[in-house]
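Dumped work-v5.tsv below, it's TSV, C-alpha atoms:
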```
chain	number	residue	atom	x	y	z
A	1	MET	CA	148.82	-10.11	-26.27
A	2	LYS	CA	145.92	-10.26	-24.09
A	3	ALA	CA	146.43	-11.48	-20.59
A	4	LYS	CA	144.27	-14.34	-19.83
A	5	GLU	CA	142.89	-14.71	-16.45
A	6	GLU	CA	142.30	-18.24	-15.52
A	7	TYR	CA	140.24	-19.29	-12.60
A	8	VAL	CA	141.10	-22.75	-11.37
A	9	ASP	CA	138.41	-24.21	-9.21
A	10	VAL	CA	139.55	-26.64	-6.49
A	11	PRO	CA	138.19	-29.99	-7.36
A	12	ARG	CA	135.19	-31.06	-5.35
A	13	GLU	CA	136.90	-34.09	-3.79
A	14	THR	CA	139.74	-31.93	-2.39
A	15	ARG	CA	137.20	-29.63	-0.69
A	16	SER	CA	135.37	-32.59	0.84
A	17	LYS	CA	138.67	-33.98	2.17
A	18	ASP	CA	139.41	-30.62	3.80
A	19	ILE	CA	135.95	-30.51	5.37
A	20	THR	CA	136.40	-34.06	6.67
A	21	VAL	CA	139.75	-33.17	8.25
A	22	TYR	CA	138.26	-30.07	9.89
A	23	ALA	CA	135.28	-32.07	11.14
A	24	ILE	CA	137.57	-34.70	12.70
A	25	ILE	CA	139.67	-32.01	14.39
A	26	PHE	CA	136.51	-30.36	15.71
A	27	LEU	CA	135.20	-33.68	17.08
A	28	VAL	CA	138.54	-34.45	18.78
A	29	LEU	CA	138.51	-31.01	20.43
A	30	LEU	CA	134.89	-31.47	21.45
A	31	VAL	CA	135.57	-34.91	23.00
A	32	GLY	CA	138.66	-33.55	24.78
A	33	ALA	CA	136.63	-30.66	26.25
A	34	GLY	CA	133.94	-33.12	27.35
A	35	ILE	CA	136.47	-35.35	29.10
A	36	PHE	CA	138.06	-32.33	30.77
A	37	LEU	CA	134.68	-31.10	32.08
A	38	ALA	CA	133.66	-34.57	33.26
A	39	VAL	CA	136.90	-34.99	35.19
A	40	LYS	CA	136.53	-31.54	36.78
A	41	LEU	CA	132.91	-32.19	37.78
A	42	LEU	CA	133.47	-35.71	39.12
A	43	HIS	CA	136.78	-35.08	40.92
A	44	LYS	CA	136.33	-34.89	44.71
A	45	PRO	CA	138.32	-32.05	46.23
A	46	ALA	CA	140.92	-33.18	48.76
A	47	ASP	CA	140.55	-30.01	50.80
A	48	ALA	CA	137.72	-30.48	53.33
A	49	ALA	CA	136.89	-26.77	53.47
A	50	LEU	CA	136.57	-26.57	49.69
A	51	ALA	CA	134.48	-29.72	49.64
A	52	SER	CA	132.05	-28.53	52.29
A	53	SER	CA	131.64	-25.15	50.61
A	54	LYS	CA	130.62	-26.79	47.33
A	55	SER	CA	128.40	-29.69	48.35
A	56	GLY	CA	127.79	-29.68	52.08
A	57	ILE	CA	129.84	-32.88	52.42
A	58	VAL	CA	132.90	-32.77	54.63
A	59	TYR	CA	135.58	-35.13	53.32
A	60	ASP	CA	138.04	-36.83	55.61
A	61	SER	CA	141.35	-35.00	55.49
A	62	SER	CA	143.28	-38.24	55.98
A	63	ALA	CA	141.88	-39.73	52.75
A	64	VAL	CA	144.40	-40.03	49.94
A	65	GLU	CA	143.85	-40.67	46.28
A	66	GLY	CA	144.34	-44.17	45.02
A	67	GLY	CA	142.96	-47.57	45.62
A	68	TRP	CA	143.56	-51.08	44.47
A	69	ASP	CA	144.34	-49.99	40.90
A	70	ASN	CA	148.10	-49.96	41.47
A	71	LEU	CA	148.17	-53.59	42.70
A	72	SER	CA	147.98	-56.82	40.76
A	73	PRO	CA	145.00	-59.14	41.39
A	74	GLU	CA	147.31	-61.48	43.32
A	75	GLU	CA	148.49	-58.63	45.60
A	76	ILE	CA	144.90	-57.51	46.19
A	77	ALA	CA	143.86	-61.07	47.13
A	78	GLU	CA	146.85	-61.39	49.47
A	79	LYS	CA	146.06	-58.11	51.27
A	80	LEU	CA	142.37	-59.01	51.61
A	81	ASN	CA	143.25	-62.47	52.94
A	82	GLU	CA	145.56	-60.89	55.53
A	83	LYS	CA	142.74	-58.61	56.72
A	84	VAL	CA	140.30	-61.51	56.88
A	85	ALA	CA	142.75	-63.70	58.82
A	86	GLU	CA	143.47	-60.84	61.22
A	87	GLY	CA	139.78	-60.47	62.06
A	88	MET	CA	138.90	-64.18	62.17
A	89	ILE	CA	137.33	-65.47	65.36
A	90	ASN	CA	137.71	-69.19	65.96
A	91	ILE	CA	135.08	-70.13	68.53
A	92	SER	CA	135.13	-73.34	70.52
A	93	MET	CA	132.99	-74.50	73.42
A	94	ASN	CA	130.65	-77.21	74.64
A	95	THR	CA	127.37	-76.45	72.84
A	96	ALA	CA	125.30	-78.36	75.42
A	97	PRO	CA	126.68	-77.47	78.88
A	98	TYR	CA	125.11	-79.32	81.82
A	99	PHE	CA	124.62	-77.91	85.34
A	100	GLU	CA	123.58	-80.04	88.32
A	101	ASP	CA	121.55	-77.10	89.68
A	102	GLY	CA	121.27	-73.31	89.19
A	103	LYS	CA	124.23	-72.61	91.50
A	104	ALA	CA	126.61	-75.36	90.36
A	105	GLU	CA	129.44	-75.12	87.89
A	106	GLY	CA	128.81	-76.67	84.49
A	107	ASN	CA	131.06	-78.15	81.82
A	108	VAL	CA	131.23	-75.07	79.55
A	109	MET	CA	134.66	-75.88	78.03
A	110	ILE	CA	135.18	-72.44	76.47
A	111	VAL	CA	138.45	-72.42	74.51
A	112	ASN	CA	140.27	-69.44	73.01
A	113	GLU	CA	142.19	-71.42	70.40
A	114	SER	CA	145.85	-70.62	69.81
A	115	ILE	CA	144.99	-69.81	66.17
A	116	ASN	CA	143.17	-66.65	67.37
A	117	ASN	CA	144.92	-63.30	67.50
A	118	TYR	CA	143.13	-61.72	70.44
A	119	PRO	CA	141.94	-62.43	73.98
A	120	GLN	CA	138.25	-63.32	74.10
A	121	GLN	CA	135.38	-62.62	76.42
A	122	VAL	CA	132.34	-64.90	76.26
A	123	GLU	CA	128.79	-64.22	77.35
A	124	PHE	CA	125.63	-66.33	77.28
A	125	ILE	CA	122.34	-64.64	76.41
A	126	ARG	CA	118.99	-66.40	76.74
A	127	ASN	CA	117.22	-66.41	73.37
A	128	ASP	CA	113.72	-66.33	74.91
A	129	THR	CA	114.22	-63.32	77.21
A	130	GLY	CA	117.45	-61.63	76.06
A	131	GLU	CA	118.77	-61.94	79.62
A	132	HIS	CA	122.57	-62.11	80.05
A	133	ILE	CA	123.18	-65.14	82.26
A	134	TYR	CA	126.97	-65.50	82.06
A	135	GLN	CA	129.98	-63.36	81.24
A	136	SER	CA	133.58	-64.45	81.46
A	137	LYS	CA	136.54	-62.23	82.05
A	138	ALA	CA	139.19	-62.03	79.28
A	139	ILE	CA	140.48	-65.44	78.18
A	140	PRO	CA	144.07	-65.32	76.85
A	141	VAL	CA	144.88	-66.83	73.45
A	142	GLY	CA	145.59	-70.55	73.88
A	143	SER	CA	143.63	-70.80	77.17
A	144	LYS	CA	140.31	-72.34	78.26
A	145	ILE	CA	137.63	-72.26	80.92
A	146	GLU	CA	136.60	-75.86	81.58
A	147	ARG	CA	133.93	-75.26	84.23
A	148	ALA	CA	132.01	-72.17	85.31
A	149	ALA	CA	128.86	-71.23	87.21
A	150	LEU	CA	126.24	-69.01	85.62
A	151	ASP	CA	125.87	-65.42	86.86
A	152	VAL	CA	122.12	-65.99	87.28
A	153	GLU	CA	120.51	-68.84	89.22
A	154	LEU	CA	118.15	-70.56	86.77
A	155	PRO	CA	115.45	-73.06	87.73
A	156	ALA	CA	115.61	-76.61	86.37
A	157	GLY	CA	115.01	-76.79	82.63
A	158	THR	CA	116.54	-76.47	79.22
A	159	TYR	CA	117.45	-73.04	77.84
A	160	GLU	CA	118.39	-72.11	74.30
A	161	CYS	CA	121.02	-69.40	74.45
A	162	THR	CA	123.50	-67.62	72.22
A	163	ALA	CA	127.15	-67.72	73.24
A	164	MET	CA	128.76	-64.47	72.09
A	165	PHE	CA	132.54	-64.58	71.64
A	166	HIS	CA	134.08	-61.10	71.65
A	167	ASN	CA	137.61	-60.44	70.42
A	168	LEU	CA	139.19	-57.87	72.74
A	169	ASP	CA	141.83	-55.30	71.97
A	170	PRO	CA	144.76	-56.52	74.13
A	171	GLU	CA	145.68	-52.98	75.18
A	172	THR	CA	142.31	-51.30	75.78
A	173	GLY	CA	139.96	-54.24	76.33
A	174	ASP	CA	137.55	-52.81	73.76
A	175	ILE	CA	135.51	-55.27	71.69
A	176	ILE	CA	136.90	-55.39	68.15
A	177	GLY	CA	134.90	-58.29	66.73
A	178	THR	CA	132.15	-60.71	67.71
A	179	ALA	CA	130.91	-64.14	66.67
A	180	GLY	CA	128.07	-66.16	68.13
A	181	ALA	CA	126.80	-69.72	68.36
A	182	ILE	CA	123.55	-71.24	69.57
A	183	ILE	CA	123.96	-73.43	72.66
A	184	THR	CA	121.56	-75.38	74.87
A	185	ILE	CA	122.02	-75.09	78.62
A	186	THR	CA	120.52	-77.78	80.82
A	187	ILE	CA	119.87	-77.27	84.54
A	188	LYS	CA	119.06	-80.66	86.16
A	189	ASN	CA	117.60	-79.60	89.56
```
Could you take the file, read its structure, and then write that structure out as structure tokens?
Amino acid sequence: MKAKEEYVDVPRETRSKDITVYAIIFLVLLVGAGIFLAVKLLHKPADAALASSKSGIVYDSSAVEGGWDNLSPEEIAEKLNEKVAEGMINISMNTAPYFEDGKAEGNVMIVNESINNYPQQVEFIRNDTGEHIYQSKAIPVGSKIERAALDVELPAGTYECTAMFHNLDPETGDIIGTAGAIITITIKN
């Protein structure tokens, strides 16, 4: 008996399935390598020395990874609203103070409303010259200055000014926020 050698060829569709599987595996590996490289290239080093050696940028060592992504939209809105409320400046004063003459006290009615969080200091600046014509001392929260004389003796006339309200750090006296309003000062004589 003669031994018969049979050669069985793998059907064409089986070979194409194998090639498809290998191609998919190759693409998955390629995409994974791409993601890995992108993350490595875009990741900012936390170590300031390493950062400056690579790009010339010195990163703040107190910076930590993370952001708003671990909070819900409601928590984010609440935290932002707290920050906004903390920095709000409620300004209140007579927008048309009247002075009998350049040396007299006028009805400025500057109020640091009790809704504010910080003492305030107020200054008046002439819009036409930029000259500072009045500056209060610190006004405690919930207090007011009803009448005050200007720091500069102005001749009779009407002056458009900007009243600058500065929130002051209660411990250092440093300005931590400012708001302004246009006012019209009238000097009668």
*So which one's closest to Ser114 (chain A), A:Leu37, A:Ile139, A:Ile176, A:Val152? Using only C-alpha atoms, please.*
A:Ile139
*So which residues are close to (127.5, -77.1, 77.1), meaning at most 8 Å away in the file's coordinates with only C-alpha atoms counted, and can you show them as a list in words?*
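The distance filter leaves exactly Met93, Asn94, Thr95, Ala96, Pro97, Tyr98, Gly106, Asn107, Val108, Met109, Ile183, Thr184, Ile185 and Thr186 of chain A.
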*asked:* With all atoms listed in the file as the counted atoms, please give the residues lying no more than 9 Å from Glu86 (chain A), apart from itself and same-chain residues fewer than 5 positions off, as a PyMOL selection string.
replied: chain A and resi 81+116-117
_Using only C-alpha atoms, list the residues that have an atom at most 6 Å from (134.9, -74.3, 70.9), coordinates as in the file, as number ranges by chain._
A: 91-93, 110-111
*May I ask which of the residues A:Phe124, A:Tyr118, A:Trp68, A:Phe36 is the closest one to Pro140 (chain A), counting all atoms listed in the file?*
A:Tyr118
Given 5 Å of margin on each side, can you work out the centre and size in Å (one decimal) of an axis-aligned box holding every listed atom of region 108-125 of chain A, as lines of an AutoDock Vina configuration file?
```
center_x = 134.1
center_y = -68.8
center_z = 72.9
size_x = 33.5
size_y = 24.2
size_z = 23.4
```
*Rounded to one decimal place, report the CA of Met88 (chain A)-CA of Tyr134 (chain A) distance in Å.*
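Separating CA of Met88 (chain A) from CA of Tyr134 (chain A) is a distance of 23.2 Å.
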*asked:* Ranking A:Ile76, A:Ala104, A:Leu168, A:Ala181 by minimum distance to Lys137 (chain A) and counting all atoms listed in the file, which one comes first?
replied: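 For Lys137 (chain A), the nearest of the candidates is A:Leu168.
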*Suppose you want the space between CA of Tyr159 (chain A) and CA of Gln135 (chain A); what is it in Å?*
16.2 Å
*Grab the CA of Phe165 (chain A) to CA of Pro119 (chain A) distance for me, in Å with one decimal place.*
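Going from CA of Phe165 (chain A) over to CA of Pro119 (chain A), I get 9.9 Å.
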*asked:* I need the residue nearest Val122 (chain A) from this list: A:Gly180, A:Ala63, A:His166, A:Gly157. Use all atoms listed in the file for the distance.
replied: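 The shortest atom-to-atom distance to Val122 (chain A) comes from A:His166.
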_Among the residues A:Glu113, A:Asp128, A:Asp101, A:Glu65, the one that comes closest to Leu150 (chain A) [using all atoms listed in the file]_ =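 Among A:Glu113, A:Asp128, A:Asp101, A:Glu65, it is A:Asp101 that comes nearest to Leu150 (chain A).
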